Every structure is written in C-alpha cells, then in structure tokens.
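Below you'll find the structure, written out as structure tokens, and then a few comments.
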Amino acid sequence: MNWMRSLMLPMAGSVHAREMDNFYIFLVLLTTFFFVLVAGLTVWSVVRYRRRPGVITPHITDNMGLELTWSVIPLLILMGVFFWGVRGFLGATVAPGNSLEITVTAKQWVWSFEYPDGTRTVNEVHVPVGKPVRFVMGSQDVLHSFFVPTMRVKQDVVPGRYTDVWFTPDVEGLHRVACAEYCGKGHSDMAAKIYVDSQEKYQHWLEEGGDEWKSISPVAFGKLLYESKGCSTCHTVDGSRMAGGGPSWKGVFGRMEMMSDHKQYLADENYIRESILNPQAKIVMGYEPIMPTYQGLLRDRELNALIAYIKSLRN
Amino acid sequence: MAAVAHVPAQAHAQTNYLNAQKGVWSWMTTVDHKRIGIMYLSLISTSFFLGGIFALLIRLSLLNPKHMVFGKVIFDAETYNRIFTLHGVVMVFLFIIPSIPAALGNFVLPLMLGAKDVAFPRLNLLSLYIYFVGAVFGIAAMVTGGVDTGWTFYTPYSTTTNSQVTLMTMAAFILGFSSIFTGLNFIATIHKLRAPGMGWFQMPLFCWGIYATAIIQVLATPVLGITLVLLMLERSFQIGIFDPRIGGDPVLFQHFFWFYSHPAVYIMILPGMAIISEIIPTFSQKTIFGYRSIAFSSVAIALVGFLVWGHHMFVSGQSPLASVIFSFLTFLVAIPSGIKIFNWLATMWRGNIKLDAPMLYAISFLLLFSIGGLTGIFLGALSVDIHLTDTYFVVAHFHYVMMGGTVIAFIAGLHYWWPKMTGRMYSEKIARVACALTFIGFNVTFMSQFLLGSRGMPRRYYNYLDQFQPLHAFSTYGSWILGAGLGLTAICLLSSLRKAPDAPRNPWGGRTLEWTTQSPPIEHNFDVDPVLTHGPYDYRKPLPVEVEA
Ligand SMILES: [Cu+2]
C-alpha cells in the first residue's frame with residue numbers, strides 16, 4: 001500500500017499523521033470495494049439484460065430480507081468508520097501538558113509566532129523534533145486556518161477567541177503551513193515554514209537565531225527585526241507620531257533628546273542601546289513610559305542590527 | 001399507470017400549450033405551469049451558462065502557477081477571487097436550487113399527478129417574477145464590482161470587505177422567496193390535486209422527491225433569509241452580531257449559514273434522485289424495486305438532513321463533543337442515499353434495458369453520485385476530515401454530488417421530458433456522444449482534484465506550489481472536454497426545435513400519467529380527467545393511452 005500513500009498523501013511527519021494515513025488507506029479500499037460493486041452490477045445488468053423484443057420483465061416490488069441486508073451492513077460499517085474517526089480526532093484534540101507552547105497571531109496575510117522566551121518570528125518557526133508543540137492561535141482580522149498537511153492537522157484561527165492545535169513532529173526538515181480558510185487577496189500566499197530541528201540544532205537556533213542575517217546587510221536585518229520584534233507597533237520610521245506609541249525613529253540618531261526630567265542626552269549608540277534594554281531609565285519628554293524592556297529578548301547581533309537601522313534613518 | 005378513456009382522435013392540426021395563445025404578453029401573463037416551467041428552464045439555463053463560463057475561467061487561470069495564457073497573466077488575485085465567488089453564487093442560487101424543481105418540476109409535476117395545473121397558478125407566476133428580480137440584483141452586484149467572499153459569505157470577511165456583498169446577499173434573499181413559494185405550491189399541489197385513485201403510494205416517485213424537497217425549501221430557506229438580513233444589517237449598521245470587534249461571533253454566522261445550506265444540499269440532490277427513480281424503471285421496462293423505501297428515504301433524508309450542519313465546521317472551533325455528534329448523524333443520513341442506489345440496481349436487475357440518452361445519463365448519475373457519496377465518508381470521519389476539509393478534496397466531493405449528481409440528473413430529465421415539452425425528438429446519436437464527452441470530461445476535471453486535496457492543496461487558492469501543477473493542468477484539460485460535452489448537449493437539444501414536431505405521446509414506454517397526453521400537451525393537460533386504476537411502474541399492464549390516434 002505504500003504506493004497509494006505516496007500517490008495520495010503528502011509525507012507524514014508525526015505518529016498521528018501515520019495513523020490517519022492508515023485510516024485513509026482503509027477508507028480508500030473500502031470505498032473502492034463498494035464502487036466496484038455498484039459499477040460492476042450496473043455494467044453487468046446493462047449488458048446481461050439489454051433490450052430484447054418481447055421480453056416481459058418480472059414484477060418484483062420488494063424484498064424485505066434484501067433491503068434489510070443492504071441497510072444494516074452499510075450501517076454497521078459506517079459505525080465502525082465513525083468510531084475510528086472519533087478516536088483519531090480526540091487523540092488530536094487535547095495537547096499533552098509538557099508541550100512547547102508557541103503563540104500564533106494571524107493577520108492578513110502573515111503568520112507571526114512568539115516563543116515562551118519572547119523570541120518572535122514571522123512566517124517561520126523552529127520546533128524541536130520529538131517534542132509535542134502546541135500552537136495557541138488568535139486572529140487580528142478575519143478568519144484564517146492553520147493547516148499543516150504533513151502533520152494532518154488543521155484548525156481555524158478566529159478573531160476574538162483562541163483556538164489551538166498541536167502535534168509531535170518526528171521527521172526533521174521543512175514542513176509547510178498553509179492558510180486554509182479564505183481570507184482575501186493574499187490568501188494563497190499566506191504560508192509559513194516549520195523547521196523541525198534536531199535537539200542541538202534547535203538549541204543553537206534559540207541562542208543564535210536563524211541564519212538569514214548572514215546573507216543580508218545589518219540595516220536590512222534591522223528593518224526585518226523592526227517588523228518582527230513588534231517595534232513597528234509603536235514606532236514609525238517616516239517621522240509621523242503614532243498615537244499611544246513612541247517617537248518616530250526618523251532623525252532620532254545623533255540629535256539631542258530632551259527627557260521628562262528636563263535633562264538632555266545625545267542619541268548615540270549607547271543611548272539607543274539603553275533605550276531598548278532599559279527603557280524606563282530615561283523617558284523622552286512628552287511620552288508615556290510604556291515601552292517594554294527587551295532585556296534578554298534580543299541577541300547582541302539583533303541589537304546591533306536595530307541600532308544600525310535606526311542610524312540609517314538619521315536626517 | 002393507465003388512465004384509459006377513449007375519445008375520438010383529433011382530426012385537425014394539433015393545438016397545444018405552446019401555440020394556443022400567441023405573443024410575448026401571453027407568455028408574461030401566463031399562469032400555465034408548463035409555460036412557467038419553460039420560462040424557468042430558459043432562465044436557469046442562461047444562469048448555468050454564465051456559471052459555466054466562470055468555471056472555465058477559474059480553470060484557465062489555474063492551468064499553470066503563473067496564470068499565463070498566451071504569454072499574458074490572465075487575471076490577478078482579486079479578480080480570481082471574484083470569479084470563483086460568482087461561479088459559486090450563480091451555480092448555487094441561480095441555477096442548481098431552482099433547476100429541477102422550478103423548471104422540470106413545474107412542467108412535469110401536475111402532469112404526473114393528473115392535474116390541470118399547480119394548486120396556486122398565480123403564486124407560481126409570482127415566484128418566477130421574484131426569481132427574475134433576484135437575478136437582476138445578482139447581475140447588478142456583478143457588474144458594479146462583484147463579490148469576493150466565496151459563496152459562503154463567511155464573516156467577518158464579508159462584513160468588512162468593500163465588494164458588493166450587500167447587493168449580492170439581497171439577491172440571494174430575494175431568490176429565497178421564489179424558492180419558498182415554489183415549495184409551498186408543490187406541497188399544496190401534491191396534497192390536493194392528485195387524480196382520483198392516486199393515493200400517496202400510487203404517486204410517481206418523482207413527486208415524492210419533489211415533496212421532500214419542498215418541505216426543506218419551506219422550512220430551511222427562511223433561516224437563510226434571516227441570516228442574510230442580519231449580515232446586511234451588520235454591514236450597514238454594525239449591530240454587533242457577527243463581527244468580533246463589536247462584540248459579535250463569526251462562528252455563529254457559520255451555524256446559521258449551514259443550518260440552511262446543508263439542507264440546501266438536499267434541495268439540490270433529492271430532485272435529482274427523483275428523476276433517476278423515473279428513468280430507470282422506464283428504460284428497464286420493469287417496476288421500481290422498493291417503492292416505499294425510496295419514498296421514505298427521501299423524507300428521512302429531508303428530516304435528518306436538518307441535524308448535520310455542523311459537519312461543515314469540524315475545524316471552526318466548535319466544541320469537540322458537537323463535532324462527534326454531527327459526525328455520527330452524518331453517517332446516519334448517508335444510509336438512505338445508499339439504500340436508493342441499491343434499489344436502482346435491483347430495478348435494473350432482470351430488466352429489459354435500453355441505453356437511450358436519458359438512461360445513459362442515469363447510469364452516469366449512478367456512478368458519479370456513488371463516488372460523491374463514498375468520498376463523503378472520508379469527510380464525515382472526523383480525523384480524516386481535519387486533513388481534508390477546505391482542500392480540493394471537498395471541492396471534488398461536492399462537484400461529484402452536485403454536478404455528477406444533480407446536474408447530470410437534470411440533463412437526464414431534460415432529455416427524458418424533452419419530447420413532451422417541445423414535441424420534438426432530439427438526435428439520439430449526438431446526445432449519446434455528448435453524454436460520453438460530458439462523462440469523461442467531468443471525471444478528468446474532478447478526479448484529479450481528489451488527489452490535489454488529499455495531497456494538501458487548499459481550496460480558493462490563486463497561487464499554488466509548483467508541485468501541484470500537473471494535476472491542475474490535467475483538471476483544466478478536463479474542463480475543456482466537459483465544456484465541449486455540455487455545448488454539444490445544448491446544440492443537440494436546441495437544433496431539434498427547428499424540425500417539425502415529431503414526438504409521439506410516449507416515446508420511451510413510460511407508465512406515468514404525463515405520457516398519456518399528447519406531446520406537447522394541450523393547455524389543460526388532459527382531454528379527459530385521468531382516473532387511476534393501479535400504481536405507477538406496472539409493466540404487466542398495457543401501455544397507457546388516453547386517446548387513440
Ligand atoms: Cu453538508
């Protein structure tokens with residue numbers, strides 16, 4: 001049956017996926033049997049009883065035994081299918097208590113992920129092999145659906161409430177997330193990558209971050225972080241002021257900043273660094289002290305990239 | 001079903017419902033169920049054509065992942081989204097739901113019952129006009145920008161998008177009334193206007209199917225109406241029922257929507273099954289096997305069908321317990337459909353079978369509907385549905401049921417009653433070729449989509465991964481064959497209209513009352529009111545004749 005698996009189903013990346021596949025192949029065989037039965041009887045009747053002149057057909061109106069047989073046997077089979085389906089479903093409903101929990105935010109048309117340690121990623125997530133992961137999901141706009149074909153899981157992401165989905169990946173490598181609930185123009189491009197890493201690789205990734213920074217300039221990397229680390233929710237880069245946010249980064253670097261205690265500081269590398277890691281130390285005049293501290297949430301490399309990006313925005 | 005009364009043959013050129021009165025006005029003000037049926041038929045055929053064009057465009061765009069046709073991008077994502085939405089809306093609301101009941105049912109039902117007309121002829125005309133108004137609203141929505149929500153109008157996308165959702169839901173709302181009135185009319189007709197001697201179990205099975213359908217139309221459509229009104233209110237006045245930002249619940253919309261739209265699936269398929277239950281005995285020249293179980297299974301499907309809507313929502317966030325219950329009920333409702341298939345097979349067994357076009361279509365139905373039903377088992381099974389829902393597997397499944405089932409049955413019925421409706425025999429040879437093309441094209445188009453879906457290709461996707469390209473291309477080629485088959489069908493039927501009338505009263509040797517009157521029938525259907533002496537499908541009795549010509 002392996003050829004059927006590879007013909008009909010994507011690679012299976014978890015025990016749950018392989019169990020569903022067994023069930024799937026069983027259903028293929030079961031339904032093929034019934035289809036062949038129906039098609040065979042049809043063709044046989046059409047050929048065997050094709051029109052001949054003068055034939056008087058028998059007047060057979062019903063047959064209790066026959067009708068009971070073809071009602072009860074399918075009913076029993078379907079009840080078996082029902083229970084098999086429920087078993088697989090309930091198994092996939094409740095995540096084990098020791099799962100790694102990753103928060104997922106869906107919005108038109110990006111997936112963002114947040115780890116328990118505050119690491120945030122966009123359209124890309126790394127998980128360790130062999131450990132259950134649970135995604136706790138919410139949407140900021142319309143319905144989306146978190147579909148991982150290789151894990152055979154799917155769950156709608158609904159604005160205004162949390163839904164979750166989990167799996168225990170056991171095949172390392174790249175897996176894909178697709179949005180399966182229609183969400184507008186970019187629906188078909190709303191895709192994310194799941195990297196299932198070995199334990200060491202995963203640890204390494206957690207400490208070092210991904211490799212994407214190697215191929216791009218620090219400024220470009222800083223710009224990515226500006227989006228992915230959530231700075232963009234409070235800071236603009238075009239000089240405009242975001243209501244309820246912080247100062248725009250445009251032109252900050254290198255100017256004298258007035259603090260709420262009327263002291264002035266030159267916004268240099270050290271000032272920026274402190275503003276990010278310990279924002280409460282100095283509060284810019286005219287703003288509320290609402291910026292969260294990023295102490296421990298940014299790697300040095302990322303901090304440097306952000307500073308490089310802010311520097312690039314000087315007047 | 002012989003209602004035999006002998007009256008002298010008509011000597012003069014035949015008058016019939018088509019030529020008894022002349023002029024456009026006589027059509028627009030007619031209360032004759034046959035003329036109304038014909039007008040419905042032309043309107044829904046136009047809708048089918050329109051929806052079919054949209055379908056071909058969808059497939060064309062998916063031919064390759066870059067949407068290139070002759071070196072140009074055929075259209076962008078926003079246009080694509082509108083086109084698949086319009087395909088769905090047109091096919092569901094303007095075509096399939098009214099197709100069999102309003103067009104063929106209108107024409108045939110009173111004839112089969114031995115009645116002069118439906119119970120409320122003016123209401124019948126009104127429902128045609130309402131359909132027309134609904135269609136005008138729908139077209140207005142299309143030409144003023146279209147709709148990009150999918151035919152399901154899921155909130156909160158539908159409450160926030162700036163496409164013509166309000167106008168389109170208005171159209172569906174209006175069309176709903178047309179459907180309700182038709183249903184009411186048929187219920188009353190079946191209760192009150194059966195010919196003397198026709199008890200409930202002497203009624204042709206087509207009437208049972210239409211009866212079960214009418215019950216759903218009357219009970220379920222108002223729920224859709226209310227839901228659509230709420231959607232319009234939400235869009236216009238932000239009443240806070242579906243949009244979570246103002247305190248609403250988007251999943252509630254899905255419950256409301258499927259509470260109608262699942263039963264609507266049976267509004268679509270029951271009349272199809274009803275047609276097949278007529279054609280198979282006629283072309284097998286053998287009485288139907290298990291009359292009562294076919295009749296009761298229609299009613300059972302209609303009733304249990306109200307309790308399974310949640311199977312569209314296994315991943316929506318509804319409670320797991322609800323999902324388990326809905327899965328269970330879904331498997332229950334599958335049984336009556338299975339029973340019908342076995343009944344049809346048993347009817348053909350030891351029959352005397354002729355493969356004329358209607359029967360070829362009926363056999364296509366049997367095979368395609370079986371595939372549609374059997375793949376439904378995958379989707380009813382919870383753990384498998386989680387993987388398959390919202391993928392092309394679902395698209396393929398419901399096309400096998402709706403197109404392979406209902407549309408094929410509709411075309412079967414159209415060929416079956418064409419001589420009765422028009423007085424012309426179509427070319428049997430062309431009809432068979434068209435049927436074969438349609439059958440092959442259909443399977444090429446949709447079989448590949450099962451594979452696309454099970455391999456993880458989500459539905460409503462403008463762009464897709466390169467790995468899916470061969471199957472998508474295959475499906476698109478199929479759509480061309482399918483289009484050719486349907487086009488040939490249209491040519492075959494329409495070209496017969498250019499001939500002089502040549503259809504006998506009973507070209508197929510049917511045993512139901514519509515075959516006893518002339519083709520096409522006179523305005524009041526029968527020269528002499530029929531009286532029944534025995535049940536339908538009794539092939540021990542001689543051919544029914546009303547008048548000896
Ligand atoms: Cu349904």
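Within each chain, counting starts at residue 1; across the structure tokens, chains are named A, B, ... in the order shown, with ligands numbered 1 upward in that order.
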Cut-off 10 Å, only C-alpha atoms and all ligand atoms, neighbours of ligand 1 as a list in words:
Trp258, Phe259, Tyr260, Ser261, His262, Pro263, Ala264, Val265, Tyr266, Gly305, Phe306, Leu307, Val308, Trp309, Gly310, His311, His312, Met313, Thr330, Gly376, Leu379, Gly380 and Phe398 of chain B
Output the selection as a short mmCIF file (atom, residue, chain, number, x, y, z; two decimals), in the first residue's frame - N, CA and C atoms for each residue.
data_model
loop_
_atom_site.label_atom_id
_atom_site.label_comp_id
_atom_site.auth_asym_id
_atom_site.auth_seq_id
_atom_site.Cartn_x
_atom_site.Cartn_y
_atom_site.Cartn_z
N TRP B 258 -24.97 27.25 7.66
CA TRP B 258 -25.04 25.83 7.30
C TRP B 258 -26.34 25.20 7.75
N PHE B 259 -27.01 25.81 8.70
CA PHE B 259 -28.33 25.28 9.08
C PHE B 259 -29.26 25.33 7.87
N TYR B 260 -29.07 26.32 7.02
CA TYR B 260 -29.79 26.29 5.75
C TYR B 260 -29.03 25.50 4.71
N SER B 261 -27.75 25.78 4.59
CA SER B 261 -27.05 25.32 3.40
C SER B 261 -26.79 23.84 3.39
N HIS B 262 -26.76 23.18 4.56
CA HIS B 262 -26.71 21.73 4.44
C HIS B 262 -28.02 21.17 3.91
N PRO B 263 -29.16 21.51 4.54
CA PRO B 263 -30.41 21.05 3.92
C PRO B 263 -30.52 21.46 2.45
N ALA B 264 -29.94 22.60 2.12
CA ALA B 264 -29.99 23.03 0.71
C ALA B 264 -29.29 22.02 -0.19
N VAL B 265 -28.28 21.33 0.35
CA VAL B 265 -27.64 20.28 -0.42
C VAL B 265 -28.69 19.26 -0.84
N TYR B 266 -29.65 18.99 0.06
CA TYR B 266 -30.70 18.03 -0.27
C TYR B 266 -31.76 18.65 -1.15
N GLY B 305 -31.50 15.47 7.51
CA GLY B 305 -30.61 16.46 6.90
C GLY B 305 -30.57 17.79 7.64
N PHE B 306 -31.57 18.03 8.48
CA PHE B 306 -31.58 19.27 9.25
C PHE B 306 -30.62 19.21 10.44
N LEU B 307 -30.12 18.03 10.75
CA LEU B 307 -29.37 17.89 12.00
C LEU B 307 -27.88 17.67 11.79
N VAL B 308 -27.38 17.91 10.59
CA VAL B 308 -25.99 17.56 10.35
C VAL B 308 -25.13 18.76 9.93
N TRP B 309 -25.67 19.97 10.07
CA TRP B 309 -24.94 21.12 9.51
C TRP B 309 -23.53 21.26 10.08
N GLY B 310 -23.35 20.81 11.34
CA GLY B 310 -22.04 21.03 11.96
C GLY B 310 -20.90 20.28 11.31
N HIS B 311 -21.21 19.35 10.36
CA HIS B 311 -20.09 18.65 9.73
C HIS B 311 -19.31 19.55 8.77
N HIS B 312 -19.82 20.74 8.54
CA HIS B 312 -19.04 21.69 7.75
C HIS B 312 -18.09 22.47 8.64
N MET B 313 -18.14 22.21 9.95
CA MET B 313 -17.46 23.10 10.88
C MET B 313 -16.54 22.36 11.85
N THR B 330 -24.15 12.46 10.57
CA THR B 330 -23.79 12.47 9.15
C THR B 330 -23.76 11.05 8.58
N GLY B 376 -17.83 11.15 0.53
CA GLY B 376 -18.41 11.81 1.69
C GLY B 376 -18.07 11.08 2.99
N LEU B 379 -15.07 12.48 4.48
CA LEU B 379 -15.25 13.79 5.09
C LEU B 379 -16.09 13.72 6.36
N GLY B 380 -16.92 12.67 6.46
CA GLY B 380 -17.69 12.52 7.70
C GLY B 380 -16.83 11.99 8.83
N PHE B 398 -17.97 17.73 -3.58
CA PHE B 398 -19.30 18.30 -3.80
C PHE B 398 -19.60 18.50 -5.28
#
Identify all chain A residues at most 7 Å from chain B by counting only C-alpha atoms; ligands do not count. Present them as JSON, numbers by chain.
{"A": [8, 9, 10, 20, 24, 27, 31, 35, 39, 41, 42, 45, 46, 49, 50, 51, 52, 55, 57, 59, 60, 61, 62, 70, 71, 75, 78, 81, 82, 85, 86, 88, 89, 142, 149, 152, 153, 154, 155, 156, 159, 160, 163, 180, 181, 182, 183, 185, 187, 188, 189]}
Could you save those same residues with C-alpha atoms as a PDB file, in the first residue's frame?
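Ended up saving to part_33.pdb:
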ATOM      1  CA  MET A   8      -2.406  10.278  -2.403  1.00  0.00           C
ATOM      2  CA  LEU A   9      -0.890  11.818   0.668  1.00  0.00           C
ATOM      3  CA  PRO A  10       1.951  14.161   1.499  1.00  0.00           C
ATOM      4  CA  MET A  20      -4.543   8.945   9.885  1.00  0.00           C
ATOM      5  CA  TYR A  24      -7.264   6.886   4.945  1.00  0.00           C
ATOM      6  CA  LEU A  27     -11.256   4.099   3.528  1.00  0.00           C
ATOM      7  CA  THR A  31     -14.996   2.783  -0.842  1.00  0.00           C
ATOM      8  CA  PHE A  35     -17.757   1.493  -6.017  1.00  0.00           C
ATOM      9  CA  ALA A  39     -20.293  -0.157 -11.127  1.00  0.00           C
ATOM     10  CA  LEU A  41     -23.617  -4.585 -11.052  1.00  0.00           C
ATOM     11  CA  THR A  42     -24.584  -1.692 -13.296  1.00  0.00           C
ATOM     12  CA  SER A  45     -27.183  -5.540 -15.747  1.00  0.00           C
ATOM     13  CA  VAL A  46     -26.873  -3.296 -18.757  1.00  0.00           C
ATOM     14  CA  TYR A  49     -30.396  -7.522 -19.621  1.00  0.00           C
ATOM     15  CA  ARG A  50     -30.051  -5.343 -22.697  1.00  0.00           C
ATOM     16  CA  ARG A  51     -33.261  -4.689 -24.591  1.00  0.00           C
ATOM     17  CA  ARG A  52     -34.710  -7.645 -26.436  1.00  0.00           C
ATOM     18  CA  VAL A  55     -39.406  -9.702 -23.037  1.00  0.00           C
ATOM     19  CA  THR A  57     -39.944  -8.281 -17.020  1.00  0.00           C
ATOM     20  CA  HIS A  59     -42.907  -7.711 -11.334  1.00  0.00           C
ATOM     21  CA  ILE A  60     -40.645  -7.620  -8.270  1.00  0.00           C
ATOM     22  CA  THR A  61     -41.751  -4.875  -5.914  1.00  0.00           C
ATOM     23  CA  ASP A  62     -39.644  -5.508  -2.854  1.00  0.00           C
ATOM     24  CA  TRP A  70     -28.213  -3.560   2.323  1.00  0.00           C
ATOM     25  CA  SER A  71     -29.309  -1.156   5.055  1.00  0.00           C
ATOM     26  CA  LEU A  75     -24.823   0.946   8.784  1.00  0.00           C
ATOM     27  CA  LEU A  78     -20.255   3.225   8.896  1.00  0.00           C
ATOM     28  CA  VAL A  81     -15.756   4.238  10.478  1.00  0.00           C
ATOM     29  CA  PHE A  82     -17.370   6.718  12.840  1.00  0.00           C
ATOM     30  CA  GLY A  85     -12.606   8.729  13.104  1.00  0.00           C
ATOM     31  CA  VAL A  86     -13.561   9.834  16.599  1.00  0.00           C
ATOM     32  CA  GLY A  88      -8.102   9.767  15.875  1.00  0.00           C
ATOM     33  CA  PHE A  89      -9.853  13.090  16.373  1.00  0.00           C
ATOM     34  CA  VAL A 142     -10.722  37.785   9.603  1.00  0.00           C
ATOM     35  CA  PRO A 149      -0.514  18.995   5.592  1.00  0.00           C
ATOM     36  CA  ARG A 152      -2.559  16.156   9.093  1.00  0.00           C
ATOM     37  CA  VAL A 153      -3.793  18.938  11.356  1.00  0.00           C
ATOM     38  CA  LYS A 154      -5.879  21.975  10.634  1.00  0.00           C
ATOM     39  CA  GLN A 155      -7.626  24.489  12.847  1.00  0.00           C
ATOM     40  CA  ASP A 156      -9.419  27.704  12.089  1.00  0.00           C
ATOM     41  CA  PRO A 159     -10.756  36.692  15.730  1.00  0.00           C
ATOM     42  CA  GLY A 160     -11.993  37.306  19.257  1.00  0.00           C
ATOM     43  CA  THR A 163      -8.051  28.115  19.273  1.00  0.00           C
ATOM     44  CA  ALA A 180      -6.923  27.039   4.598  1.00  0.00           C
ATOM     45  CA  GLU A 181      -9.738  29.475   5.335  1.00  0.00           C
ATOM     46  CA  TYR A 182     -10.330  32.042   2.641  1.00  0.00           C
ATOM     47  CA  CYS A 183      -9.095  35.435   3.867  1.00  0.00           C
ATOM     48  CA  LYS A 185      -6.418  38.838  -1.715  1.00  0.00           C
ATOM     49  CA  HIS A 187      -4.986  34.065   0.954  1.00  0.00           C
ATOM     50  CA  SER A 188      -2.947  31.725  -1.199  1.00  0.00           C
ATOM     51  CA  ASP A 189       0.329  33.430  -0.270  1.00  0.00           C
TER      52      ASP A 189
END
Extract, using only C-alpha atoms, all DNA, RNA and protein residues at most 9 Å from stretch 286-288 of chain A, discarding same-chain residues fewer than 5 positions from it, and format them as an mmCIF file with N, CA and C atoms, in the first residue's frame.
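After the write, selection25.cif holds the following:
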data_model
loop_
_atom_site.group_PDB
_atom_site.id
_atom_site.type_symbol
_atom_site.label_atom_id
_atom_site.label_comp_id
_atom_site.auth_asym_id
_atom_site.auth_seq_id
_atom_site.Cartn_x
_atom_site.Cartn_y
_atom_site.Cartn_z
ATOM 1 N N GLY A 244 -0.441 56.943 20.972
ATOM 2 C CA GLY A 244 -0.235 55.943 22.014
ATOM 3 C C GLY A 244 1.050 55.172 21.849
ATOM 4 N N GLY A 245 1.969 55.645 21.021
ATOM 5 C CA GLY A 245 3.224 54.938 20.807
ATOM 6 C C GLY A 245 4.418 55.769 21.234
ATOM 7 N N GLY A 246 5.537 55.539 20.582
ATOM 8 C CA GLY A 246 6.754 56.253 20.918
ATOM 9 C C GLY A 246 7.188 57.168 19.798
ATOM 10 N N PRO A 247 8.319 57.819 19.966
ATOM 11 C CA PRO A 247 8.808 58.739 18.937
ATOM 12 C C PRO A 247 9.135 58.002 17.649
ATOM 13 N N MET A 259 14.624 64.851 27.959
ATOM 14 C CA MET A 259 13.911 63.841 28.762
ATOM 15 C C MET A 259 12.853 64.507 29.620
ATOM 16 N N SER A 260 11.973 63.669 30.208
ATOM 17 C CA SER A 260 10.886 64.243 31.008
ATOM 18 C C SER A 260 11.422 64.926 32.267
#
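The space separating atom CA of B:Leu471 from atom CA of A:Met11 comes to 17.7 Å.
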